[in-house]
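Heads up, input.txt below (compact mmCIF, C-alpha atoms):
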```txt
# COMPACT_ATOMS: atom_id res chain seq x y z
CA MET V 10 0.00 0.00 0.00
CA ARG V 11 2.83 2.34 0.80
CA PRO V 12 4.54 1.93 -2.62
CA LEU V 13 1.21 2.79 -4.33
CA GLN V 14 0.78 5.88 -2.20
CA SER V 15 4.41 6.84 -2.86
CA TRP V 16 3.88 6.40 -6.63
CA LYS V 17 0.70 8.50 -6.51
CA ARG V 18 2.48 11.19 -4.57
CA ASN V 19 5.59 11.21 -6.85
CA GLY V 20 3.47 10.86 -9.97
CA GLY V 21 1.31 13.72 -8.80
CA ILE V 22 4.36 15.89 -8.27
CA THR V 23 5.71 14.96 -11.71
CA LEU V 24 2.36 15.66 -13.36
CA GLY V 25 2.11 18.90 -11.41
CA LEU V 26 5.55 20.00 -12.59
CA PHE V 27 4.68 19.04 -16.17
CA ALA V 28 1.44 21.07 -15.97
CA VAL V 29 3.33 24.10 -14.60
CA CYS V 30 5.94 23.84 -17.39
CA LEU V 31 3.21 23.48 -20.02
CA ALA V 32 1.35 26.49 -18.63
CA ALA V 33 4.57 28.53 -18.59
CA ALA V 34 5.31 27.55 -22.19
CA ARG V 35 1.77 28.51 -23.24
CA CYS V 36 2.11 31.78 -21.36
CA LEU V 37 5.41 32.54 -23.10
CA GLN V 38 3.94 31.61 -26.48
CA SER V 39 0.89 33.78 -25.91
CA GLN V 40 3.10 36.72 -25.01
CA GLY V 41 5.28 36.08 -28.08
CA VAL V 42 7.13 38.96 -29.69
CA SER V 43 6.43 42.63 -29.16
CA LEU V 44 7.76 45.09 -31.71
CA THR V 45 7.90 48.90 -31.54
CA ILE V 46 8.74 51.29 -34.39
CA PRO V 47 9.47 54.81 -33.06
CA GLN V 48 9.54 56.48 -36.51
CA PRO V 49 7.41 54.73 -39.15
CA ASN V 50 7.87 57.51 -41.77
CA ILE V 51 11.30 58.87 -42.68
CA ASN V 52 12.14 61.64 -45.16
CA ALA V 53 15.74 61.80 -46.31
CA THR V 54 17.92 63.37 -48.97
CA VAL V 55 20.40 61.76 -51.31
CA ALA V 56 23.73 60.57 -49.80
CA GLN V 57 22.44 60.59 -46.20
CA ASP V 58 22.96 57.72 -43.74
CA ILE V 59 19.56 56.58 -42.43
CA LEU V 60 18.75 54.60 -39.27
CA LEU V 61 15.68 52.37 -39.53
CA SER V 62 15.06 52.05 -35.81
CA VAL V 63 13.02 49.33 -34.08
CA GLU V 64 12.78 47.82 -30.60
CA TYR V 65 11.62 44.29 -29.84
CA SER V 66 11.20 42.02 -26.84
CA CYS V 67 10.78 38.26 -26.82
CA HIS V 68 11.84 35.12 -24.98
CA GLY V 69 14.83 33.39 -26.44
CA VAL V 70 16.98 34.35 -29.41
CA PRO V 71 14.93 35.75 -32.31
CA THR V 72 15.60 35.82 -36.03
CA ILE V 73 15.39 39.31 -37.52
CA GLU V 74 14.71 39.84 -41.20
CA TRP V 75 14.44 43.05 -43.24
CA LYS V 76 12.88 43.26 -46.71
CA TYR V 77 12.55 46.16 -49.12
CA THR V 78 9.52 46.73 -51.34
CA SER V 79 9.39 49.32 -54.12
CA TYR V 80 7.81 49.79 -57.56
CA TRP V 81 10.29 47.25 -58.92
CA GLY V 82 9.29 44.47 -56.51
CA MET V 83 10.44 43.01 -53.19
CA GLN V 84 13.94 41.99 -52.19
CA LYS V 85 15.52 40.70 -49.03
CA ILE V 86 18.06 43.01 -47.41
CA VAL V 87 19.42 41.14 -44.40
CA GLU V 88 18.70 38.34 -41.91
CA TRP V 89 20.48 37.60 -38.65
CA GLN V 90 20.22 36.55 -35.03
CA PRO V 91 21.62 38.87 -32.35
CA GLY V 92 25.22 37.99 -31.61
CA THR V 93 25.81 36.27 -34.97
CA GLN V 94 27.05 37.50 -38.33
CA ALA V 95 24.35 38.97 -40.55
CA ASN V 96 23.48 37.46 -43.93
CA VAL V 97 23.37 40.58 -46.16
CA SER V 98 22.02 40.39 -49.71
CA GLN V 99 24.32 41.23 -52.62
CA SER V 100 22.27 44.34 -53.48
CA HIS V 101 23.04 45.88 -50.08
CA LYS V 102 26.62 44.70 -49.49
CA ASP V 103 28.69 47.39 -47.73
CA ARG V 104 25.59 49.55 -47.39
CA VAL V 105 23.95 48.03 -44.28
CA CYS V 106 24.90 47.89 -40.61
CA THR V 107 22.84 45.72 -38.21
CA TYR V 108 22.19 46.22 -34.50
CA ASP V 109 21.17 43.69 -31.84
CA ASN V 110 17.96 45.63 -31.10
CA GLY V 111 16.76 44.83 -34.64
CA SER V 112 17.56 48.20 -36.20
CA ILE V 113 19.55 48.64 -39.40
CA GLN V 114 21.43 51.59 -40.84
CA LEU V 115 21.55 52.32 -44.58
CA PHE V 116 24.58 54.20 -45.87
CA ARG V 117 24.55 56.73 -48.73
CA VAL V 118 20.90 56.35 -49.68
CA GLY V 119 19.70 57.31 -53.14
CA VAL V 120 16.34 57.97 -54.74
CA ARG V 121 16.21 54.26 -55.65
CA ASP V 122 16.02 53.45 -51.91
CA THR V 123 12.57 55.04 -51.61
CA GLY V 124 10.02 52.40 -50.59
CA TYR V 125 8.64 50.22 -47.81
CA TYR V 126 10.97 48.46 -45.38
CA THR V 127 9.45 45.47 -43.58
CA VAL V 128 11.06 44.03 -40.47
CA THR V 129 9.99 40.62 -39.16
CA VAL V 130 11.06 39.31 -35.74
CA THR V 131 10.49 35.57 -35.26
CA GLU V 132 11.26 33.76 -32.00
CA GLY V 133 12.15 30.11 -31.56
CA LEU V 134 8.65 29.14 -30.41
CA GLY V 135 7.29 30.22 -33.79
CA SER V 136 5.50 33.46 -32.96
CA SER V 137 6.47 36.54 -34.92
CA GLN V 138 5.69 40.23 -35.40
CA PHE V 139 6.35 42.52 -38.32
CA GLY V 140 6.42 46.25 -38.83
CA ILE V 141 6.80 48.65 -41.75
CA ILE V 142 8.87 51.81 -42.17
CA VAL V 143 8.24 54.07 -45.16
CA LEU V 144 11.35 55.81 -46.49
CA HIS V 145 11.20 58.68 -48.99
CA VAL V 146 14.50 59.89 -50.46
CA SER V 147 14.53 63.12 -52.48
CA GLU V 148 17.11 65.01 -54.52
CA ILE V 149 18.96 67.89 -52.88
CA LEU V 150 17.56 70.83 -54.86
CA TYR V 151 19.32 73.55 -52.91
CA GLU V 152 22.71 72.19 -53.98
CA ASP V 153 21.73 72.64 -57.63
CA LEU V 154 20.56 76.18 -56.92
CA HIS V 155 23.76 76.85 -55.01
CA PHE V 156 25.80 75.64 -58.00
CA VAL V 157 23.82 77.92 -60.36
CA ALA V 158 24.30 80.89 -58.00
CA VAL V 159 28.06 80.25 -57.84
CA VAL V 160 28.31 80.01 -61.64
CA LEU V 161 26.30 83.23 -62.08
CA ALA V 162 28.48 85.06 -59.54
CA PHE V 163 31.61 83.83 -61.31
CA LEU V 164 30.29 84.95 -64.71
CA GLY V 165 29.35 88.33 -63.20
CA ALA V 166 32.86 88.75 -61.80
CA VAL V 167 34.42 87.81 -65.16
CA ALA V 168 32.13 90.27 -66.95
CA THR V 169 33.08 93.04 -64.50
CA VAL V 170 36.79 92.39 -65.03
CA LEU V 171 36.36 92.37 -68.83
CA ILE V 172 34.36 95.62 -68.76
CA SER V 173 37.04 97.21 -66.56
CA LEU V 174 39.78 96.07 -68.93
CA MET V 175 37.85 97.42 -71.91
CA TRP V 176 37.43 100.76 -70.14
CA VAL V 177 41.15 100.95 -69.33
CA CYS V 178 42.07 100.00 -72.91
CA ASN V 179 39.66 102.61 -74.28
CA LYS V 180 41.11 105.27 -71.96
CA CYS V 181 44.69 104.36 -72.94
CA SER V 182 43.74 104.44 -76.61
CA TYR V 183 42.12 107.85 -76.20
CA ILE V 184 45.22 109.25 -74.42
CA PHE V 185 47.52 107.74 -77.05
CA GLN V 186 45.48 109.24 -79.92
CA ARG V 187 45.37 112.61 -78.21
CA LYS V 188 49.17 112.66 -77.79
CA ARG V 189 49.60 111.58 -81.39
CA ARG V 190 47.32 114.37 -82.64
CA HIS V 191 49.18 116.83 -80.49
CA LYS V 192 52.53 115.70 -81.98
CA LEU V 193 51.12 115.87 -85.52
CA LYS V 194 49.83 119.35 -84.84
CA GLU V 195 53.22 120.45 -83.48
CA SER V 196 55.09 118.97 -86.44
CA THR V 197 52.68 120.62 -88.89
CA THR V 198 53.16 123.96 -87.16
CA GLU V 199 56.93 123.57 -87.31
CA GLU V 200 56.80 122.75 -91.04
CA ILE V 201 54.68 125.83 -91.74
CA GLU V 202 57.08 127.99 -89.75
CA LEU V 203 60.04 126.53 -91.63
CA GLN V 204 58.35 127.16 -94.95
CA ASN V 205 57.69 130.77 -93.95
CA ILE V 206 61.34 131.22 -92.97
CA ASP V 207 62.54 129.73 -96.27
CA CYS V 208 60.38 132.15 -98.20
```
How does the structure come out when it is put into structure tokens?
Amino acid sequence: MRPLQSWKRNGGITLGLFAVCLAAARCLQSQGVSLTIPQPNINATVAQDILLSVEYSCHGVPTIEWKYTSYWGMQKIVEWQPGTQANVSQSHKDRVCTYDNGSIQLFRVGVRDTGYYTVTVTEGLGSSQFGIIVLHVSEILYEDLHFVAVVLAFLGAVATVLISLMWVCNKCSYIFQRKRRHKLKESTTEEIELQNIDC
């Protein structure tokens, strides 16, 4: 009778522990992954470095994946687990830096980088969350205007110098012609005087 009671007691403890573990696992699975995106819309200009920032929390080591969707379709950017080397796609080699909190940084963005960036965080138990960041990259118009202004200022300076040179040349020419006329007049006067003396 005692062995039966002992088995019931030990079996009950074992079943109780199993039930607690199962409940804890279900609780963890129901909590799953939480994902926060502080800035879902980002406006940038060409050649900027952009941080696509996210924060996640989950139990265990998650797998983080970023994809990019534009008018030309969808492509995978990077996939990694915190603490391991990231698997970066060929299209974004040397242009992406990953962080353990799930964020990525894009270097030297261009207009072609405009689009939707989807991040998916999947934990070992199978639950996952995803979020979207919209990035709009525009040309730097003020640089073009600045270039035009510099060119116009340069052309204005060149025109001023040329006008000044023309004025100086004109003045020198006028002085030279005046002296020449004066010499001609003097020589003509001398000739007339000489002719009068000869007579």
Mind running region 144-193 of chain V against region 46-63 of chain V at 9 Å and telling me each contacting residue's nearest atom pair with the distance in Å (one decimal), counting all atoms listed in the file, chain and number ascending, as CSV?
```
residue,atom,partner,partner_atom,distance
V:Leu144,CA,V:Ile51,CA,4.9
V:His145,CA,V:Asn52,CA,4.9
V:Val146,CA,V:Ala53,CA,4.7
V:Ser147,CA,V:Thr54,CA,4.9
V:Glu148,CA,V:Val55,CA,5.6
V:Ile149,CA,V:Thr54,CA,6.1
```
Just-selected residues, C-alpha atoms written as a PDB file, in the frame of the given file:
```
ATOM      1  CA  LEU V 144      11.350  55.810 -46.490  1.00  0.00           C
ATOM      2  CA  HIS V 145      11.200  58.680 -48.990  1.00  0.00           C
ATOM      3  CA  VAL V 146      14.500  59.890 -50.460  1.00  0.00           C
ATOM      4  CA  SER V 147      14.530  63.120 -52.480  1.00  0.00           C
ATOM      5  CA  GLU V 148      17.110  65.010 -54.520  1.00  0.00           C
ATOM      6  CA  ILE V 149      18.960  67.890 -52.880  1.00  0.00           C
TER       7      ILE V 149
END
```
Find the nearest atom pair between each residue of region 134-177 of chain V and region 181-193 of chain V for residues within 12 Å, count all atoms listed in the file, give distances in Å to one decimal, sort rows by chain and ascending number, and present the table as a Markdown table.
```
| residue | atom | partner | partner_atom | distance |
| --- | --- | --- | --- | --- |
| V:Leu174 | CA | V:Cys181 | CA | 10.4 |
| V:Met175 | CA | V:Cys181 | CA | 9.8 |
| V:Trp176 | CA | V:Cys181 | CA | 8.6 |
| V:Val177 | CA | V:Cys181 | CA | 6.1 |
```
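Atom pair CA of Arg117 (chain V) / CA of Ile86 (chain V): separated by 15.2 Å.
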Computed interatomic separation between CA of Ile142 (chain V) and CA of Val70 (chain V) (Å): 23.1 Å
CA of Asp109 (chain V) to CA of Thr127 (chain V), distance in Å rounded to a single decimal: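 Atom-to-atom, CA of Asp109 (chain V) and CA of Thr127 (chain V) are spaced 16.7 Å apart.
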